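Step one of this worksheet: look at the structure below.
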Amino acid sequence: MLTEFPIFQIVDEYGQVINEDYKDKITEDLVKKFYYNMVRIRTFDRKAISLQRQGRLGTYAPFEGQEASQVGSALALEKDDWVFPTYRDHGATLTFGAGMARTYLYWNGRVEGCVPEEGKKIFPPAVPIATQIPHAAGAAMAEKRKGTKNAAIAYFGDGATSEGDFHEGLNFASVFKAPVIFFNQNNGFAISVPIKKQMNSKTIAQKALAYDMPGVRVDGNDIFAVYFQTMEGLDRARQGEGPTLIEAMTWRYGAHTTADDPTKYRDQSESDIIRENRDPILRVERYMKANNFWDEDWVMKIKEEIATEVELAVKDMESYPKPNINDLFDNVFEKPTWTIAKQKEEYFQLIGREA
């Protein structure tokens, strides 16, 4: 089965084009867009970890190492498409147009962080595993019924493919030929469980066979492969040819969340090897240098701009008005139940305030 689903690659870890079919499609502007967005989200991610360690953010889910998968797929979308992220896909949503300050607000436990920027169809990050997959299928079906060319993308990890929602979402999308991309980021672990212990399938891409849709495996650290495969899947979707399942083989360097210790279940020295040899940003740097696209002044300029953007976003997040405690109780149901009313009363008694 592995031979039937080979890993698709355009640019290897040395920055060399190994698939000549795409060579003419790679422009300097496109490569710089890749690089800019990957550096931007990595800077955001590292800042978020630092803020969490300082007690200025809540528990945070890092994604460093998966930048090519998230940026490459998000850049393939059109502005009116739908994005259905997990709790780890803020790199994709930032690339698609989510606000940076709002994204930090989400990780500070604020409901405002679930509200996308005006005109952006970004679903609130799904914390329950795989629940966003049927939602994405449904949104795509709705767009098809309305006669638009808009599509949807659902992000999920390898663990999500063991959930019923995964199969239900793919089945509905297949039956109704919904214009949706099911984008799996396979980093080898569902939290602490290695993929070989959670499924007998050799690949995730092969699961597409059961639903008669294309299934492709890509090098998830090769942003060129991710971008063009996602684009091709979206083109098929917009032409009425239905969904595509993409399995992006990648690796997350750090912990599942800042509350996790990955050394308990995997050898972290592997991360050091991957960072040195297969890092997605390093690969683009190597490509740029090999093709005379590298401009040290431009790189320094964008890094300074990004650093300033991140610091302003943190400032905006921390200057946001304090949340209204009543919202925790008053917005669960249209009319609070007696149990919630009792909890509210007891809580305000505890903190010595009146509701």
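Residue numbering restarts at 1 in every chain; chains get A, B, ... in the order shown in the structure tokens, and ligands count up from 1 in that same order.
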
Practice prompt. Could you give me the residues within stretch 1-107 of chain A that DSSP places in strand (DSSP E), as an NGL selection string?
Written response: :A and (7-8 or 82-84)

Any chance you can output those residues with C-alpha atoms as a PDB file, in the first residue's frame?
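Output contents, as saved in result_34.pdb:
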```pdb
ATOM      1  CA  ILE A   7       5.075  10.703  -0.704  1.00  0.00           C
ATOM      2  CA  PHE A   8       4.735  13.525  -3.226  1.00  0.00           C
ATOM      3  CA  TRP A  82     -14.083  28.144   4.635  1.00  0.00           C
ATOM      4  CA  VAL A  83     -11.433  27.100   7.160  1.00  0.00           C
ATOM      5  CA  PHE A  84     -12.174  24.558   9.886  1.00  0.00           C
TER       6      PHE A  84
END
```

Could you list, with a cut-off of 12 Å and counting only C-alpha atoms, the residues of stretch 5-87 of chain A near stretch 148-170 of chain A, each shown with its nearest atom pair and the distance in Å rounded to one decimal, rows sorted by chain and ascending number, as CSV?
```
residue,atom,partner,partner_atom,distance
A:Phe63,CA,A:Gly157,CA,11.7
A:Gln66,CA,A:Gly157,CA,11.4
A:Ser69,CA,A:Tyr155,CA,10.1
A:Gln70,CA,A:Tyr155,CA,8.9
A:Ser73,CA,A:Ile153,CA,8.7
A:Ala74,CA,A:Ile153,CA,8.7
A:Leu75,CA,A:Ile153,CA,11.7
A:Ala76,CA,A:Ile153,CA,10.3
A:Leu77,CA,A:Ala151,CA,8.2
A:Glu78,CA,A:Asn150,CA,7.7
A:Lys79,CA,A:Asn150,CA,8.9
A:Asp80,CA,A:Asn150,CA,6.1
A:Asp81,CA,A:Ala151,CA,5.0
A:Trp82,CA,A:Ala152,CA,4.4
A:Val83,CA,A:Ile153,CA,5.2
A:Phe84,CA,A:Ala154,CA,4.7
A:Pro85,CA,A:Tyr155,CA,5.1
A:Thr86,CA,A:Phe156,CA,6.2
A:Tyr87,CA,A:Phe156,CA,9.3
```

Worksheet entry | Given only C-alpha atoms as the counted atoms, nearest of A:Glu241, A:Glu28, A:Asp222, A:Glu117 to A:Gly15 | A:Asp222

Discussion item. With only C-alpha atoms as the counted atoms, please give the residues lying no more than 9 Å from A:Tyr287, apart from itself and same-chain residues fewer than 5 positions off, as a list in words.
Written reply: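 Counting only C-alpha atoms, the residues come to Val11, Tyr14, Gly15, Gln16, Val17, Val31, Leu282, Asn292, Phe293 and Trp294 of chain A.
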
Item to complete: Between atom CA of A:Glu13 and atom CA of A:Arg283, measure the distance and give it in Å to one decimal.
Response: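 These two atoms are separated by 5.5 Å.
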
Worksheet item: Quick one: of A:Ala101, A:Ala137, A:Val218, A:Ala142, who's nearest to A:Asp12, counting only C-alpha atoms?
Response: A:Val218

Worksheet entry | Residue neighbourhood stretch 197-214 of chain A, 9 Å, only C-alpha atoms, exclusion window fewer than 3 positions, as an MDAnalysis selection string | chainID A and resid 1:2 4:5 158:159 161:162 167 170:171 173:175 184 186 190 193:194 217 233 242:247

Take the residues from that selection and write them out as a PDB file, in the first residue's frame, keeping N, CA and C atoms.
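Result went into selection-v7.pdb, see below:
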```
ATOM      1  N   MET A   1       0.826  -1.213   0.000  1.00  0.00           N
ATOM      2  CA  MET A   1       0.000   0.000   0.000  1.00  0.00           C
ATOM      3  C   MET A   1       0.861   1.265   0.000  1.00  0.00           C
ATOM      4  N   LEU A   2       2.030   1.190   0.623  1.00  0.00           N
ATOM      5  CA  LEU A   2       2.919   2.354   0.628  1.00  0.00           C
ATOM      6  C   LEU A   2       3.351   2.733  -0.784  1.00  0.00           C
ATOM      7  N   GLU A   4       1.547   2.361  -3.397  1.00  0.00           N
ATOM      8  CA  GLU A   4       0.391   2.955  -4.074  1.00  0.00           C
ATOM      9  C   GLU A   4       0.180   4.401  -3.642  1.00  0.00           C
ATOM     10  N   PHE A   5       0.714   4.764  -2.480  1.00  0.00           N
ATOM     11  CA  PHE A   5       0.578   6.131  -1.967  1.00  0.00           C
ATOM     12  C   PHE A   5       1.962   6.691  -1.627  1.00  0.00           C
ATOM     13  N   ASP A 158      -3.462  12.987  12.978  1.00  0.00           N
ATOM     14  CA  ASP A 158      -3.599  11.565  12.686  1.00  0.00           C
ATOM     15  C   ASP A 158      -4.557  10.876  13.645  1.00  0.00           C
ATOM     16  N   GLY A 159      -4.611  11.349  14.904  1.00  0.00           N
ATOM     17  CA  GLY A 159      -5.523  10.736  15.869  1.00  0.00           C
ATOM     18  C   GLY A 159      -6.979  10.895  15.493  1.00  0.00           C
ATOM     19  N   THR A 161      -8.351  10.480  12.701  1.00  0.00           N
ATOM     20  CA  THR A 161      -8.828   9.473  11.752  1.00  0.00           C
ATOM     21  C   THR A 161      -9.339   8.218  12.451  1.00  0.00           C
ATOM     22  N   SER A 162      -9.144   8.136  13.763  1.00  0.00           N
ATOM     23  CA  SER A 162      -9.686   7.026  14.541  1.00  0.00           C
ATOM     24  C   SER A 162     -11.058   7.349  15.130  1.00  0.00           C
ATOM     25  N   HIS A 167     -14.980   9.555   9.606  1.00  0.00           N
ATOM     26  CA  HIS A 167     -15.608   8.708   8.600  1.00  0.00           C
ATOM     27  C   HIS A 167     -16.966   9.261   8.157  1.00  0.00           C
ATOM     28  N   LEU A 170     -16.210  12.292   5.794  1.00  0.00           N
ATOM     29  CA  LEU A 170     -15.761  11.859   4.474  1.00  0.00           C
ATOM     30  C   LEU A 170     -16.888  11.198   3.688  1.00  0.00           C
ATOM     31  N   ASN A 171     -17.716  10.427   4.373  1.00  0.00           N
ATOM     32  CA  ASN A 171     -18.806   9.741   3.676  1.00  0.00           C
ATOM     33  C   ASN A 171     -19.806  10.742   3.101  1.00  0.00           C
ATOM     34  N   ALA A 173     -19.326  13.919   2.404  1.00  0.00           N
ATOM     35  CA  ALA A 173     -18.675  14.697   1.357  1.00  0.00           C
ATOM     36  C   ALA A 173     -18.561  13.896   0.066  1.00  0.00           C
ATOM     37  N   SER A 174     -18.287  12.603   0.205  1.00  0.00           N
ATOM     38  CA  SER A 174     -18.162  11.746  -0.965  1.00  0.00           C
ATOM     39  C   SER A 174     -19.502  11.568  -1.668  1.00  0.00           C
ATOM     40  N   VAL A 175     -20.542  11.266  -0.913  1.00  0.00           N
ATOM     41  CA  VAL A 175     -21.871  11.024  -1.489  1.00  0.00           C
ATOM     42  C   VAL A 175     -22.380  12.258  -2.229  1.00  0.00           C
ATOM     43  N   ASN A 184      -4.965  16.332   6.502  1.00  0.00           N
ATOM     44  CA  ASN A 184      -4.390  15.668   7.666  1.00  0.00           C
ATOM     45  C   ASN A 184      -2.917  16.022   7.822  1.00  0.00           C
ATOM     46  N   ASN A 186       0.039  14.576   9.612  1.00  0.00           N
ATOM     47  CA  ASN A 186       0.466  13.357  10.287  1.00  0.00           C
ATOM     48  C   ASN A 186       1.857  13.558  10.860  1.00  0.00           C
ATOM     49  N   ALA A 190      -0.622  10.727  18.139  1.00  0.00           N
ATOM     50  CA  ALA A 190      -1.860  11.312  18.635  1.00  0.00           C
ATOM     51  C   ALA A 190      -1.632  11.544  20.129  1.00  0.00           C
ATOM     52  N   VAL A 193       0.357   8.637  21.689  1.00  0.00           N
ATOM     53  CA  VAL A 193       0.168   7.331  21.054  1.00  0.00           C
ATOM     54  C   VAL A 193       0.742   7.345  19.632  1.00  0.00           C
ATOM     55  N   PRO A 194       1.754   6.523  19.354  1.00  0.00           N
ATOM     56  CA  PRO A 194       2.309   6.483  17.999  1.00  0.00           C
ATOM     57  C   PRO A 194       1.298   5.920  17.012  1.00  0.00           C
ATOM     58  N   ARG A 217      -0.492  11.522  -0.494  1.00  0.00           N
ATOM     59  CA  ARG A 217       0.463  11.763   0.579  1.00  0.00           C
ATOM     60  C   ARG A 217       1.487  12.758   0.065  1.00  0.00           C
ATOM     61  N   GLY A 233      -6.362  19.928  -5.563  1.00  0.00           N
ATOM     62  CA  GLY A 233      -7.569  19.396  -4.935  1.00  0.00           C
ATOM     63  C   GLY A 233      -8.694  20.408  -4.923  1.00  0.00           C
ATOM     64  N   GLY A 242     -15.788  16.882  -6.331  1.00  0.00           N
ATOM     65  CA  GLY A 242     -15.841  16.362  -4.976  1.00  0.00           C
ATOM     66  C   GLY A 242     -14.594  16.552  -4.143  1.00  0.00           C
ATOM     67  N   PRO A 243     -14.529  15.853  -3.006  1.00  0.00           N
ATOM     68  CA  PRO A 243     -13.472  16.078  -1.999  1.00  0.00           C
ATOM     69  C   PRO A 243     -12.169  15.361  -2.305  1.00  0.00           C
ATOM     70  N   THR A 244     -11.143  15.765  -1.556  1.00  0.00           N
ATOM     71  CA  THR A 244      -9.818  15.139  -1.620  1.00  0.00           C
ATOM     72  C   THR A 244      -9.295  14.980  -0.197  1.00  0.00           C
ATOM     73  N   LEU A 245      -8.656  13.863   0.065  1.00  0.00           N
ATOM     74  CA  LEU A 245      -7.971  13.638   1.346  1.00  0.00           C
ATOM     75  C   LEU A 245      -6.474  13.791   1.121  1.00  0.00           C
ATOM     76  N   ILE A 246      -5.871  14.712   1.850  1.00  0.00           N
ATOM     77  CA  ILE A 246      -4.424  14.937   1.761  1.00  0.00           C
ATOM     78  C   ILE A 246      -3.776  14.556   3.091  1.00  0.00           C
ATOM     79  N   GLU A 247      -2.775  13.717   3.028  1.00  0.00           N
ATOM     80  CA  GLU A 247      -1.994  13.341   4.207  1.00  0.00           C
ATOM     81  C   GLU A 247      -0.625  14.007   4.094  1.00  0.00           C
TER      82      GLU A 247
END
```

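Near A:Leu312, within 10 Å and counting only C-alpha atoms, sit A:Met100, A:Ala101, A:Ile306, A:Ala307, A:Met317, A:Glu318, not including residues fewer than 5 positions from it in the same chain.
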
Worksheet item: Got a sec: who's within 9 Å of A:Leu57, counting only C-alpha atoms, leaving out chain neighbours fewer than 4 positions off, as number ranges by chain?
Response: A: 48-53, 104-105, 107-109

Contacts of A:Glu20 at 10 Å or less, counting only C-alpha atoms, minus same-chain residues fewer than 4 places along, as an mmCIF file with N, CA, C and O atoms, in the first residue's frame?
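File produced: result.cif:
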```
data_model
loop_
_atom_site.group_PDB
_atom_site.id
_atom_site.type_symbol
_atom_site.label_atom_id
_atom_site.label_comp_id
_atom_site.auth_asym_id
_atom_site.auth_seq_id
_atom_site.Cartn_x
_atom_site.Cartn_y
_atom_site.Cartn_z
ATOM 1 N N ILE A 10 8.202 18.077 -4.288
ATOM 2 C CA ILE A 10 8.644 18.936 -5.388
ATOM 3 C C ILE A 10 10.064 19.444 -5.139
ATOM 4 O O ILE A 10 10.910 19.420 -6.018
ATOM 5 N N VAL A 11 10.307 19.899 -3.904
ATOM 6 C CA VAL A 11 11.633 20.403 -3.528
ATOM 7 C C VAL A 11 12.162 19.556 -2.371
ATOM 8 O O VAL A 11 11.478 19.397 -1.349
ATOM 9 N N ASP A 24 8.351 25.535 -13.583
ATOM 10 C CA ASP A 24 7.965 26.811 -14.182
ATOM 11 C C ASP A 24 6.858 27.527 -13.400
ATOM 12 O O ASP A 24 6.596 28.711 -13.643
ATOM 13 N N LYS A 25 6.218 26.814 -12.495
ATOM 14 C CA LYS A 25 5.138 27.423 -11.711
ATOM 15 C C LYS A 25 5.666 28.134 -10.461
ATOM 16 O O LYS A 25 4.923 28.847 -9.790
#
```

Discussion item. Let me make sure I understand: among A:Trp298, A:Gly254, A:Lys315, A:Asn19, which one has the smallest atom-to-atom distance to A:Arg46 if we use only C-alpha atoms?
Written reply: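 For A:Arg46, the nearest of the given residues is A:Gly254.
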
Discussion item. Can you pull out every residue from stretch 133-338 of chain A that DSSP, working from the backbone, puts in alpha helix (DSSP H), and format the result as a ChimeraX atom specification?
Written reply: /A:133-146,164-175,195-198,223-238,269-277,280-290,296-318,327-330,338

Worksheet item: At what distance in Å, to one decimal, does atom CA of A:Asn331 lie from atom CA of A:Pro116?
Response: 19.4 Å
